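**Q** Please find query.cif (mmCIF, C-alpha atoms and all ligand atoms) on the next line:
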data_query
#
loop_
_atom_site.label_atom_id
_atom_site.label_comp_id
_atom_site.auth_asym_id
_atom_site.auth_seq_id
_atom_site.Cartn_x
_atom_site.Cartn_y
_atom_site.Cartn_z
CA MET A 1 74.62 98.64 91.00
CA GLU A 2 77.72 100.77 90.84
CA LEU A 3 77.08 104.32 89.87
CA SER A 4 79.43 107.20 89.69
CA ILE A 5 78.34 110.21 91.60
CA SER A 6 80.45 113.29 91.76
CA VAL A 7 79.92 115.20 94.93
CA HIS A 8 79.34 118.58 96.14
CA LYS A 9 81.04 121.72 97.20
CA HIS A 10 84.36 120.96 98.76
CA PRO A 11 87.10 120.66 96.12
CA ASN A 12 88.70 117.68 97.89
CA LEU A 13 85.47 115.83 97.61
CA GLN A 14 84.99 116.49 93.92
CA ARG A 15 86.32 113.14 92.95
CA LYS A 16 84.28 110.29 91.64
CA GLU A 17 83.22 107.72 94.19
CA LYS A 18 82.09 104.21 93.43
CA THR A 19 78.82 104.11 95.20
CA SER A 20 75.26 102.90 95.31
CA SER A 21 72.31 104.89 94.10
CA MET A 22 70.84 105.19 97.63
CA PHE A 23 73.94 106.86 98.84
CA LYS A 24 74.28 110.51 99.66
CA LEU A 25 77.69 111.65 100.72
CA PRO A 26 77.66 114.10 103.61
CA ASP A 27 79.46 117.36 103.10
CA LEU A 28 82.22 117.08 105.61
CA SER A 29 84.08 120.24 104.70
CA SER A 30 83.63 121.52 108.25
CA PRO A 31 85.64 119.72 110.98
CA PRO A 32 84.42 116.28 110.20
CA PRO A 33 84.08 112.86 111.61
CA ALA A 34 85.67 110.52 109.06
CA ILE A 35 83.27 108.95 106.62
CA PRO A 36 82.48 105.51 108.11
CA PRO A 37 84.33 102.67 106.35
CA GLY A 38 82.16 101.03 103.72
CA TYR A 39 79.85 104.06 103.53
CA GLY A 40 78.22 104.24 100.14
CA THR A 41 78.42 100.51 99.46
CA SER A 42 75.69 97.93 99.94
CA LEU A 43 77.22 97.21 103.36
CA TYR A 44 76.34 100.75 104.42
CA PRO A 45 74.20 102.44 101.75
CA GLY A 46 74.29 105.68 103.69
CA GLU A 47 72.09 107.92 105.79
CA ASN A 48 69.69 110.42 104.40
CA LEU A 49 71.71 113.48 105.29
CA ASP A 50 71.10 117.05 104.34
CA PRO A 51 74.43 118.66 103.44
CA ASN A 52 73.07 122.01 104.66
CA ASN A 53 71.87 120.78 107.99
CA SER A 54 74.88 119.72 110.11
CA PRO A 55 75.26 116.21 108.67
CA GLU A 56 78.25 115.64 110.93
CA LYS A 57 76.07 116.15 114.00
CA ILE A 58 73.51 113.70 112.67
CA LEU A 59 76.26 111.15 112.00
CA GLU A 60 77.49 111.67 115.55
CA GLU A 61 74.03 111.04 116.93
CA ILE A 62 73.67 107.88 114.83
CA SER A 63 77.05 106.65 116.07
CA ARG A 64 76.23 107.26 119.75
CA LYS A 65 72.84 105.63 119.39
CA ARG A 66 74.39 102.54 117.78
CA LYS A 67 76.83 102.28 120.66
CA SER A 68 74.21 102.42 123.36
CA THR A 69 71.87 100.02 121.56
CA GLU A 70 74.65 97.52 120.95
CA LEU A 71 75.80 97.56 124.57
CA ALA A 72 72.28 97.42 126.01
CA THR A 73 71.30 94.48 123.76
CA PHE A 74 74.44 92.59 124.71
CA VAL A 75 74.03 93.06 128.46
CA LYS A 76 70.33 92.18 128.27
CA SER A 77 71.13 88.86 126.59
CA LYS A 78 73.28 87.64 129.51
CA VAL A 79 71.93 85.09 131.99
CA LYS A 80 70.07 86.69 134.88
CA ASN A 81 72.64 85.82 137.56
CA TYR A 82 75.64 86.88 135.48
CA ARG A 83 76.92 89.22 138.19
CA ASP A 84 77.07 86.34 140.69
CA ILE A 85 78.86 84.09 138.19
CA ARG A 86 81.41 86.81 137.59
CA LYS A 87 81.89 87.48 141.28
CA GLU A 88 82.51 83.80 141.97
CA ASN A 89 84.96 83.20 139.14
CA PHE A 90 86.60 86.41 138.09
CA HIS A 91 89.33 86.15 140.72
CA LEU A 92 90.28 82.64 139.57
CA GLY A 93 92.34 83.93 136.69
CA LYS A 94 92.59 86.56 134.04
CA LYS A 95 91.36 84.10 131.44
CA TYR A 96 87.86 84.10 132.91
CA CYS A 97 85.73 84.86 129.85
CA SER A 98 82.92 87.17 130.83
CA ILE A 99 81.47 86.94 127.32
CA CYS A 100 81.14 83.14 127.16
CA SER A 101 80.58 82.36 130.86
CA GLU A 102 77.60 84.67 131.29
CA TYR A 103 75.47 83.42 128.43
CA SER A 104 73.45 80.32 127.68
CA SER A 105 73.18 79.02 124.12
CA SER A 106 72.09 75.84 122.38
CA VAL A 107 75.69 74.64 122.89
CA PHE A 108 75.63 75.23 126.66
CA PRO A 109 71.96 75.53 127.67
CA GLN A 110 73.09 75.85 131.28
CA SER A 111 75.66 78.60 131.38
CA GLN A 112 79.15 77.23 131.88
CA VAL A 113 82.19 78.96 133.36
CA ILE A 114 84.76 79.26 130.58
CA PHE A 115 88.41 80.22 130.80
CA HIS A 116 90.17 81.12 127.56
CA ASN A 117 91.64 83.97 125.55
CA HIS A 118 88.82 85.55 123.62
CA ASN A 119 89.60 88.40 121.26
CA SER A 120 86.55 90.37 120.33
CA SER A 121 86.43 93.51 118.24
CA LYS A 122 82.83 94.02 119.32
CA SER A 123 83.80 93.90 122.97
CA LEU A 124 86.48 96.54 122.38
CA ARG A 125 83.92 98.68 120.59
CA MET A 126 81.35 98.34 123.35
CA SER A 127 83.85 99.37 126.00
CA ALA A 128 85.31 102.28 124.02
CA ALA A 129 84.33 105.78 125.15
CA PRO A 130 83.03 107.87 122.26
CA ARG A 131 85.38 110.66 121.28
CA ARG A 132 84.62 113.95 119.58
CA TRP A 133 82.05 113.42 116.79
CA GLY A 134 81.06 110.15 118.48
CA VAL A 135 83.86 108.12 116.92
CA TYR A 136 85.96 105.38 118.54
CA PRO A 137 89.46 104.04 117.80
CA CYS A 138 89.22 100.85 115.72
CA SER A 139 92.39 98.79 115.50
CA SER A 140 91.56 96.88 112.33
CA CYS A 141 90.31 99.54 109.89
CA LYS A 142 92.27 101.86 107.66
CA THR A 143 90.07 104.65 109.03
CA GLN A 144 91.30 104.47 112.59
CA LEU A 145 88.69 106.67 114.23
CA HIS A 146 85.27 105.84 112.94
CA SER A 147 81.59 105.68 113.77
CA PHE A 148 80.16 102.97 116.02
CA LYS A 149 77.89 102.25 113.09
CA THR A 150 79.72 100.56 110.26
CA GLY A 151 76.89 99.20 108.21
CA ILE A 152 73.43 97.71 108.01
CA ARG A 153 74.96 94.22 108.38
CA HIS A 154 77.76 92.76 110.49
CA PRO A 155 80.44 90.82 108.63
CA VAL A 156 82.03 88.60 111.31
CA LEU A 157 85.14 86.45 111.07
CA VAL A 158 84.92 83.67 113.67
CA THR A 159 88.25 81.94 114.06
CA SER A 160 90.65 79.93 116.21
CA SER A 161 94.38 80.65 116.22
CA LEU A 162 94.29 80.08 112.44
CA LEU A 163 93.41 83.73 111.87
CA ASN A 164 93.26 85.27 115.34
CA ASN A 165 94.72 88.78 114.99
CA TRP A 166 95.75 88.03 111.41
CA GLN A 167 96.78 91.62 110.69
CA GLY A 168 99.85 91.17 112.88
CA ASP A 169 102.18 94.08 113.53
CA LYS A 170 101.15 96.68 110.96
CA SER A 171 104.18 98.84 111.69
CA VAL A 172 106.29 95.93 110.42
CA ASN A 173 104.23 94.55 107.55
CA GLN A 174 102.94 97.97 106.42
CA TYR A 175 99.38 96.71 106.05
CA PRO A 176 97.26 99.88 106.08
CA GLY A 177 94.18 98.25 107.62
CA ASP A 178 90.82 97.06 106.28
CA ASP A 179 88.69 99.31 104.11
CA ILE A 180 85.42 97.90 105.42
CA HIS A 181 84.83 97.11 109.07
CA VAL A 182 84.85 93.35 109.73
CA ASP A 183 84.28 92.14 113.28
CA MET A 184 86.50 89.36 114.59
CA ILE A 185 85.99 86.75 117.25
CA GLY A 186 89.32 84.96 117.77
CA ILE A 187 89.71 82.15 120.29
CA PRO A 188 93.02 80.24 120.18
CA GLY A 189 92.29 76.54 120.69
CA GLY A 190 88.61 77.11 119.91
CA THR A 191 86.62 74.18 118.55
CA VAL A 192 83.53 74.69 116.41
CA ARG A 193 81.29 74.34 119.48
CA ILE A 194 83.24 76.94 121.43
CA LEU A 195 83.26 79.34 118.48
CA HIS A 196 79.52 78.76 118.02
CA HIS A 197 78.79 79.56 121.67
CA ALA A 198 81.06 82.62 121.61
CA PHE A 199 79.41 83.96 118.48
CA MET A 200 75.91 83.57 119.93
CA ALA A 201 77.02 85.28 123.14
CA GLU A 202 78.26 88.26 121.15
CA PHE A 203 75.77 88.54 118.31
CA GLY A 204 72.90 86.13 119.06
CA SER A 205 70.56 88.93 120.17
CA SER A 206 71.53 91.42 117.51
CA SER A 207 68.71 92.48 115.24
CA THR A 208 71.20 93.50 112.55
CA PRO A 209 71.77 90.70 110.01
CA VAL A 210 75.16 89.00 110.22
CA ASP A 211 77.43 87.42 107.63
CA VAL A 212 79.49 84.81 109.42
CA LEU A 213 82.67 83.27 108.08
CA VAL A 214 84.17 80.47 110.16
CA VAL A 215 87.88 79.80 109.74
CA GLY A 216 88.53 76.97 112.16
CA THR A 217 87.93 73.19 112.50
CA VAL A 218 91.63 72.26 112.85
CA ASN A 219 91.30 72.02 116.66
CA ASP A 220 88.42 69.61 116.22
CA VAL A 221 90.47 67.43 113.88
CA MET A 222 93.42 67.54 116.28
CA ARG A 223 91.18 66.30 119.07
CA GLY A 224 90.25 63.28 116.98
CA LYS A 225 86.77 64.32 115.88
CA ASP A 226 85.78 62.83 112.53
CA ALA A 227 84.55 64.88 109.58
CA PRO A 228 80.80 64.04 109.84
CA LYS A 229 80.77 65.07 113.52
CA ILE A 230 82.51 68.36 112.75
CA ILE A 231 80.01 69.02 109.97
CA ARG A 232 77.18 68.26 112.38
CA ASP A 233 78.57 70.93 114.76
CA LEU A 234 78.90 73.38 111.86
CA ARG A 235 75.31 72.72 110.78
CA LYS A 236 74.05 73.48 114.29
CA PHE A 237 76.03 76.72 114.25
CA LYS A 238 74.63 77.54 110.83
CA ASN A 239 71.04 76.83 111.92
CA ASP A 240 71.37 79.16 114.90
CA VAL A 241 72.77 81.93 112.70
CA LEU A 242 70.09 81.56 110.04
CA SER A 243 67.36 81.55 112.72
CA MET A 244 68.48 84.84 114.27
CA LYS A 245 65.62 87.33 114.30
CA THR A 246 66.43 90.43 112.33
CA ARG A 247 64.42 93.61 112.20
CA ALA A 248 62.10 94.03 109.26
CA GLY A 249 63.82 96.10 106.60
CA ALA A 250 67.21 95.60 108.22
CA GLY A 251 68.91 94.35 105.08
CA GLY A 252 67.72 90.78 104.62
CA ARG A 253 68.64 87.43 106.11
CA SER A 254 71.87 86.41 107.77
CA THR A 255 74.40 84.18 106.02
CA PHE A 256 76.87 81.53 107.19
CA SER A 257 79.99 80.29 105.41
CA VAL A 258 82.95 78.14 106.31
CA ALA A 259 86.47 78.28 104.89
CA THR A 260 88.27 74.99 104.26
CA PRO A 261 91.21 74.71 106.68
CA PRO A 262 94.88 74.22 105.84
CA PHE A 263 96.39 70.75 106.34
CA PRO A 264 98.97 71.18 109.15
CA PRO A 265 102.05 68.91 108.80
CA LYS A 266 101.79 68.08 112.49
CA ILE A 267 98.60 66.12 111.90
CA ALA A 268 98.66 65.25 108.20
CA VAL A 269 101.06 63.32 105.99
CA LEU A 270 100.62 63.91 102.27
CA PRO A 271 100.26 60.90 99.95
CA TYR A 272 103.69 61.41 98.38
CA GLU A 273 105.53 61.88 101.64
CA GLU A 274 107.54 59.13 103.26
CA ARG A 275 106.89 60.39 106.76
CA VAL A 276 105.06 58.18 109.20
CA LEU A 277 102.62 59.67 111.66
CA GLN A 278 100.75 57.60 114.18
CA ASP A 279 97.53 59.60 113.92
CA ASN A 280 97.62 60.76 110.34
CA ARG A 281 94.54 62.95 109.83
CA PHE A 282 95.00 63.47 106.09
CA GLU A 283 91.87 61.46 105.24
CA THR A 284 89.80 63.32 107.85
CA LEU A 285 90.95 66.68 106.51
CA SER A 286 90.28 65.59 102.90
CA THR A 287 86.76 64.43 103.72
CA LEU A 288 86.16 67.55 105.79
CA THR A 289 87.28 69.78 102.90
CA ASN A 290 84.78 68.06 100.65
CA MET A 291 81.96 68.28 103.17
CA ILE A 292 82.61 71.94 103.97
CA ARG A 293 82.38 72.80 100.30
CA GLU A 294 79.11 70.87 100.11
CA LEU A 295 77.80 72.76 103.14
CA ASN A 296 78.70 76.06 101.47
CA ARG A 297 76.98 75.07 98.25
CA GLY A 298 73.71 74.32 100.12
CA ASP A 299 71.91 77.55 99.30
CA PRO A 300 73.42 79.49 96.38
CA ARG A 301 71.51 82.62 97.43
CA LEU A 302 73.72 82.83 100.51
CA LYS A 303 76.82 83.08 98.29
CA SER A 304 78.69 80.87 100.76
CA PHE A 305 80.18 78.90 97.89
CA LYS A 306 82.53 81.83 97.46
CA ALA A 307 84.06 81.26 100.90
CA PRO A 308 87.87 81.17 100.88
CA THR A 309 89.50 77.78 100.50
CA PHE A 310 92.66 77.40 102.53
CA HIS A 311 93.23 73.67 102.11
CA THR A 312 96.13 74.12 99.70
CA TRP A 313 97.82 76.91 101.63
CA GLY A 314 101.25 75.94 102.88
CA LEU A 315 101.39 73.20 100.24
CA LYS A 316 103.16 72.91 96.96
CA THR A 317 100.64 71.92 94.33
CA LYS A 318 100.86 71.07 90.69
CA LYS A 319 99.58 73.94 88.62
CA LEU A 320 95.86 73.51 88.21
CA ASP A 321 93.07 75.96 88.72
CA PRO A 322 92.62 75.76 92.50
CA SER A 323 88.91 76.44 92.26
CA PHE A 324 88.27 73.18 90.45
CA TYR A 325 89.81 70.42 92.45
CA GLY A 326 88.29 68.61 95.35
CA PRO A 327 89.96 66.34 97.86
CA ARG A 328 90.22 63.41 95.45
CA ASN A 329 92.25 65.50 93.04
CA LEU A 330 93.99 67.14 95.94
CA MET A 331 95.58 63.83 96.80
CA GLU A 332 97.06 63.71 93.35
CA ILE A 333 98.18 67.26 92.94
CA CYS A 334 99.65 68.25 96.30
CA THR A 335 103.25 67.24 96.18
CA LYS A 336 104.82 68.55 99.35
CA TYR A 337 104.72 71.14 102.10
CA ARG A 338 106.15 74.58 101.62
CA ASP A 339 108.16 74.53 104.82
CA PRO A 340 108.99 78.25 105.00
CA GLN A 341 105.29 79.12 104.98
CA TRP A 342 104.77 77.50 108.39
CA ARG A 343 105.55 79.28 111.61
CA GLU A 344 107.03 76.28 113.43
CA LYS A 345 110.30 74.84 112.23
CA ILE A 346 109.82 71.09 112.58
CA TYR A 347 107.08 68.93 111.11
CA THR A 348 105.98 67.45 114.41
CA GLU A 349 105.07 70.95 115.56
CA MET A 350 103.84 72.68 112.40
CA VAL A 351 100.27 73.82 112.95
CA HIS A 352 100.23 77.51 112.07
CA LEU A 353 101.01 79.24 108.81
CA ASN A 354 103.52 82.03 109.23
CA ASP A 355 102.65 85.69 109.61
CA SER A 356 102.90 86.66 105.95
CA SER A 357 100.73 83.69 104.91
CA ARG A 358 98.21 84.58 107.60
CA LEU A 359 98.14 88.17 106.35
CA ARG A 360 97.37 86.88 102.85
CA MET A 361 94.67 84.61 104.26
CA GLY A 362 93.17 87.56 106.13
CA LYS A 363 93.13 89.60 102.94
CA ALA A 364 91.32 86.71 101.23
CA VAL A 365 88.72 86.85 104.03
CA LEU A 366 88.29 90.59 103.52
CA MET A 367 87.96 90.00 99.80
CA PHE A 368 85.26 87.39 100.44
CA PHE A 369 83.19 89.95 102.34
CA LYS A 370 83.74 92.58 99.67
CA VAL A 371 82.53 90.14 97.04
CA LEU A 372 79.54 89.33 99.25
CA TYR A 373 78.58 93.01 99.36
CA GLY A 374 79.21 93.55 95.67
CA ILE A 375 82.05 95.98 96.43
CA VAL A 376 84.39 94.03 94.16
CA GLU A 377 83.66 91.65 91.35
CA SER A 378 83.22 88.01 92.32
CA LYS A 379 85.24 84.87 91.51
CA ASP A 380 87.00 82.51 93.85
CA ILE A 381 89.91 84.12 95.60
CA PRO A 382 92.52 81.42 95.29
CA LYS A 383 95.92 81.71 96.86
CA VAL A 384 97.40 82.43 93.44
CA LEU A 385 95.40 85.64 93.35
CA ALA A 386 96.27 86.49 96.93
CA LEU A 387 99.96 86.07 96.09
CA GLU A 388 99.46 88.28 93.07
CA ILE A 389 97.77 90.99 95.19
CA GLU A 390 100.71 90.86 97.59
CA LYS A 391 103.20 91.13 94.74
CA GLN A 392 101.44 94.17 93.32
CA GLU A 393 101.30 95.84 96.72
CA LYS A 394 105.01 95.25 97.23
CA GLU A 395 105.80 96.70 93.82
CA SER A 396 103.68 99.78 94.40
CA ARG A 397 105.41 100.31 97.77
CA LYS A 398 108.76 100.02 96.03
CA ARG A 399 107.64 102.52 93.39
CA LYS A 400 106.52 104.94 96.08
CA HIS A 401 109.88 104.55 97.73
CA TYR A 402 111.70 105.48 94.52
CA ASP A 403 109.31 108.32 93.80
CA ARG A 404 110.25 110.12 96.98
ZN ZN B 501 84.87 83.50 125.40
ZN ZN B 502 86.73 99.39 112.05
#
Would you mind writing the file's structure down as structure tokens?

**A**
Amino acid sequence: MELSISVHKHPNLQRKEKTSSMFKLPDLSSPPPAIPPGYGTSLYPGENLDPNNSPEKILEEISRKRKSTELATFVKSKVKNYRDIRKENFHLGKKYCSICSEYSSSVFPQSQVIFHNHNSSKSLRMSAAPRRWGVYPCSSCKTQLHSFKTGIRHPVLVTSSLLNNWQGDKSVNQYPGDDIHVDMIGIPGGTVRILHHAFMAEFGSSSTPVDVLVVGTVNDVMRGKDAPKIIRDLRKFKNDVLSMKTRAGAGGRSTFSVATPPFPPKIAVLPYEERVLQDNRFETLSTLTNMIRELNRGDPRLKSFKAPTFHTWGLKTKKLDPSFYGPRNLMEICTKYRDPQWREKIYTEMVHLNDSSRLRMGKAVLMFFKVLYGIVESKDIPKVLALEIEKQEKESRKRKHYDR
């Protein structure tokens, strides 16, 4: 799959790129649009560009076309009276969600007015005005100005506050940004049903295949839902995603994966702890972890079994290979919480992992997608590895600092 192709003309471009055989790198030695993130990988195998025939203009055209198609498809999928719904409710508060309230899905067959914070990278993209070369400013990618087209598939992280805006303040944590474009739907407080509806509102009519990763379910557990009911909601979400109609030749079928959630101290007491909690959800979370992994193993072709597992994050565990234990073992090997890894200070409030843990989790999500597209070699991405990646990055930053 990975070939080395050395590329033409411009001396800066005469380095070896890891790339696919379908890929033809445009000659961007004239004032260029940046090469779209992921270009030359199976996520975006490339356009058939002629280096001698203004490839940058063709890329610009492709970008502008993607923008108008994406926006038109989205608006067309809204309920017919969406303008009236907006008119009636928009003034009621800034949390009126025009994405979720103006769409009907299998979750809400009659459209329902919804107020919440809804972060959507796709929405930002659709409202961005194209700049020179047809690019737009993307806040999550390393390449900050890039094409509206970022691949032949859409990797989409669908999450609650667990990973909403996981990159945090990049000027503080020095994270350079993602090297492939991953869309994010982030709804703090979002249950599986809400996330499902939001996803369908944004991507349900897209003819480009999607790869969905859900990082959520804690809000459902907090509201007292049991594991089988949460799995039922996830299955409905999965069925809708797998039934999405994609264009012929558009890169295959869509996929759906779920990450196992962390066990927040606010709702779970570990077996070795002496704490007492009236509604201890440890058993629910353990069963849910098991069932999510079963759900992911359903169809090995979808590669969902490689979804990140966050159930040991924020916990101190005995040293075992994290990819091997299930909830039964988990009860034996998790010894206590790693308090500093949680954002809140006291157990009765601890629900969110802190910013640096969330950044590591986000990187694990990115890694999952890169494995899915064959950009990096597979394997589970356990937290041990994520910690190792962070350590290496810190060391290389330190080295750079001394090299100055
Ligand atoms: Zn919404
Ligand atoms: Zn981007």

**Q** Taking into account all atoms listed in the file, which residue in the set A:Ser68, A:Ser171, A:Ser104, A:Thr208 is nearest to Lys80 of chain A?

**A**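 Of all the options, A:Ser104 lies closest to Lys80 of chain A.
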
**Q** Would you mind reading off the distance between atom CA of Pro340 of chain A and atom CA of Val218 of chain A, one decimal, in Å?

**A**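 Computing the Euclidean distance for atom CA of Pro340 of chain A and atom CA of Val218 of chain A yields 20.0 Å.
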
**Q** Using all atoms listed in the file, which residues have at least one atom no more than 10 Å from ligand ZN 501 (chain B)? Output them as a PyMOL selection string.

**A** chain A and resi 95-103+113-120+185-187+190+194-195+197-199+201-202

**Q** Counting only C-alpha atoms and all ligand atoms, what are the residues of chain A within 8 Å of ligand ZN 502 (chain B), and for each of them which pair of atoms is the nearest and at what distance in Å, to one decimal? Sort the table by chain and rising number, as JSON lines.

**A**
{"residue": "A:Pro37", "atom": "CA", "partner": "B:ZN502", "partner_atom": "ZN", "distance": 7.0}
{"residue": "A:Pro137", "atom": "CA", "partner": "B:ZN502", "partner_atom": "ZN", "distance": 7.9}
{"residue": "A:Cys138", "atom": "CA", "partner": "B:ZN502", "partner_atom": "ZN", "distance": 4.7}
{"residue": "A:Ser139", "atom": "CA", "partner": "B:ZN502", "partner_atom": "ZN", "distance": 6.7}
{"residue": "A:Ser140", "atom": "CA", "partner": "B:ZN502", "partner_atom": "ZN", "distance": 5.5}
{"residue": "A:Cys141", "atom": "CA", "partner": "B:ZN502", "partner_atom": "ZN", "distance": 4.2}
{"residue": "A:Lys142", "atom": "CA", "partner": "B:ZN502", "partner_atom": "ZN", "distance": 7.5}
{"residue": "A:Thr143", "atom": "CA", "partner": "B:ZN502", "partner_atom": "ZN", "distance": 6.9}
{"residue": "A:Gln144", "atom": "CA", "partner": "B:ZN502", "partner_atom": "ZN", "distance": 6.9}
{"residue": "A:Leu145", "atom": "CA", "partner": "B:ZN502", "partner_atom": "ZN", "distance": 7.8}
{"residue": "A:His146", "atom": "CA", "partner": "B:ZN502", "partner_atom": "ZN", "distance": 6.7}
{"residue": "A:Thr150", "atom": "CA", "partner": "B:ZN502", "partner_atom": "ZN", "distance": 7.3}
{"residue": "A:Asp178", "atom": "CA", "partner": "B:ZN502", "partner_atom": "ZN", "distance": 7.4}
{"residue": "A:Ile180", "atom": "CA", "partner": "B:ZN502", "partner_atom": "ZN", "distance": 6.9}
{"residue": "A:His181", "atom": "CA", "partner": "B:ZN502", "partner_atom": "ZN", "distance": 4.2}
{"residue": "A:Val182", "atom": "CA", "partner": "B:ZN502", "partner_atom": "ZN", "distance": 6.7}
{"residue": "A:Asp183", "atom": "CA", "partner": "B:ZN502", "partner_atom": "ZN", "distance": 7.8}

**Q** Record the distance separating atom CA of Gly252 of chain A and atom CA of Val210 of chain A, expressed in Å with one decimal.

**A**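 Atom-to-atom, atom CA of Gly252 of chain A to atom CA of Val210 of chain A, that is 9.5 Å.
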
**Q** Provide the atom CA of Val214 of chain A to atom CA of Thr312 of chain A distance in Å, to one decimal place.

**A**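 It comes out at 17.1 Å.
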
**Q** Restricting the calculation to only C-alpha atoms: of A:Ser54, A:Ser123, A:Asn165, A:Ser257, which residue gets closest to Leu372 of chain A?

**A**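 Among the listed residues, A:Ser257 lies closest to Leu372 of chain A.
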
**Q** Measuring between all atoms listed in the file, which one of A:Gln167, A:Val365, A:Thr348, A:Met291 shows the shortest distance to Leu277 of chain A?

**A**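 Counting all atoms listed in the file, the residue closest to Leu277 of chain A is A:Thr348.
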
**Q** Considering only C-alpha atoms, return as a PDB file with C-alpha atoms, in the frame of the given file whatever protein or nucleic-acid residues lie within 12 Å of Leu353 of chain A, sequence-local ones (same chain, fewer than 4 positions apart) excluded.

**A**
ATOM      1  CA  SER A 161      94.380  80.650 116.220  1.00  0.00           C
ATOM      2  CA  LEU A 162      94.290  80.080 112.440  1.00  0.00           C
ATOM      3  CA  LEU A 163      93.410  83.730 111.870  1.00  0.00           C
ATOM      4  CA  ASN A 164      93.260  85.270 115.340  1.00  0.00           C
ATOM      5  CA  TRP A 166      95.750  88.030 111.410  1.00  0.00           C
ATOM      6  CA  PRO A 261      91.210  74.710 106.680  1.00  0.00           C
ATOM      7  CA  PRO A 262      94.880  74.220 105.840  1.00  0.00           C
ATOM      8  CA  PHE A 263      96.390  70.750 106.340  1.00  0.00           C
ATOM      9  CA  PRO A 264      98.970  71.180 109.150  1.00  0.00           C
ATOM     10  CA  PRO A 265     102.050  68.910 108.800  1.00  0.00           C
ATOM     11  CA  LYS A 266     101.790  68.080 112.490  1.00  0.00           C
ATOM     12  CA  PHE A 310      92.660  77.400 102.530  1.00  0.00           C
ATOM     13  CA  HIS A 311      93.230  73.670 102.110  1.00  0.00           C
ATOM     14  CA  THR A 312      96.130  74.120  99.700  1.00  0.00           C
ATOM     15  CA  TRP A 313      97.820  76.910 101.630  1.00  0.00           C
ATOM     16  CA  GLY A 314     101.250  75.940 102.880  1.00  0.00           C
ATOM     17  CA  LEU A 315     101.390  73.200 100.240  1.00  0.00           C
ATOM     18  CA  TYR A 337     104.720  71.140 102.100  1.00  0.00           C
ATOM     19  CA  ARG A 338     106.150  74.580 101.620  1.00  0.00           C
ATOM     20  CA  ASP A 339     108.160  74.530 104.820  1.00  0.00           C
ATOM     21  CA  PRO A 340     108.990  78.250 105.000  1.00  0.00           C
ATOM     22  CA  GLN A 341     105.290  79.120 104.980  1.00  0.00           C
ATOM     23  CA  TRP A 342     104.770  77.500 108.390  1.00  0.00           C
ATOM     24  CA  ARG A 343     105.550  79.280 111.610  1.00  0.00           C
ATOM     25  CA  GLU A 344     107.030  76.280 113.430  1.00  0.00           C
ATOM     26  CA  LYS A 345     110.300  74.840 112.230  1.00  0.00           C
ATOM     27  CA  GLU A 349     105.070  70.950 115.560  1.00  0.00           C
ATOM     28  CA  SER A 357     100.730  83.690 104.910  1.00  0.00           C
ATOM     29  CA  ARG A 358      98.210  84.580 107.600  1.00  0.00           C
ATOM     30  CA  LEU A 359      98.140  88.170 106.350  1.00  0.00           C
ATOM     31  CA  ARG A 360      97.370  86.880 102.850  1.00  0.00           C
ATOM     32  CA  MET A 361      94.670  84.610 104.260  1.00  0.00           C
ATOM     33  CA  GLY A 362      93.170  87.560 106.130  1.00  0.00           C
TER      34      GLY A 362
END

**Q** Nearest to Asp240 of chain A among A:Ala72, A:Leu213, A:Ser105, A:Ser127, with distances taken over only C-alpha atoms: which residue is it?

**A**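 Going through A:Ala72, A:Leu213, A:Ser105, A:Ser127 one by one, the smallest distance to Asp240 of chain A is for A:Ser105.
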
**Q** Just checking: using all atoms listed in the file, which residue out of A:Pro109, A:Gly40, A:Pro45, A:Gly151 ends up closest to Ser63 of chain A?

**A** A:Gly151

**Q** Rebuild segment 281-289 of chain A to N, CA and C atoms - output it as a short mmCIF file (atom, residue, chain, number, x, y, z; two decimals), keeping the file's coordinate frame, please.

**A**
data_model
loop_
_atom_site.label_atom_id
_atom_site.label_comp_id
_atom_site.auth_asym_id
_atom_site.auth_seq_id
_atom_site.Cartn_x
_atom_site.Cartn_y
_atom_site.Cartn_z
N ARG A 281 95.92 62.48 110.04
CA ARG A 281 94.54 62.95 109.83
C ARG A 281 94.31 63.42 108.39
N PHE A 282 95.15 63.00 107.47
CA PHE A 282 95.00 63.47 106.09
C PHE A 282 93.61 63.13 105.53
N GLU A 283 93.18 61.89 105.76
CA GLU A 283 91.87 61.46 105.24
C GLU A 283 90.74 62.29 105.85
N THR A 284 90.84 62.52 107.17
CA THR A 284 89.80 63.32 107.85
C THR A 284 89.74 64.71 107.24
N LEU A 285 90.91 65.33 107.06
CA LEU A 285 90.95 66.68 106.51
C LEU A 285 90.43 66.70 105.06
N SER A 286 90.76 65.66 104.29
CA SER A 286 90.28 65.59 102.90
C SER A 286 88.76 65.49 102.87
N THR A 287 88.21 64.58 103.69
CA THR A 287 86.76 64.43 103.72
C THR A 287 86.10 65.72 104.21
N LEU A 288 86.70 66.30 105.23
CA LEU A 288 86.16 67.55 105.79
C LEU A 288 86.13 68.66 104.74
N THR A 289 87.21 68.76 103.96
CA THR A 289 87.28 69.78 102.90
C THR A 289 86.10 69.62 101.95
#
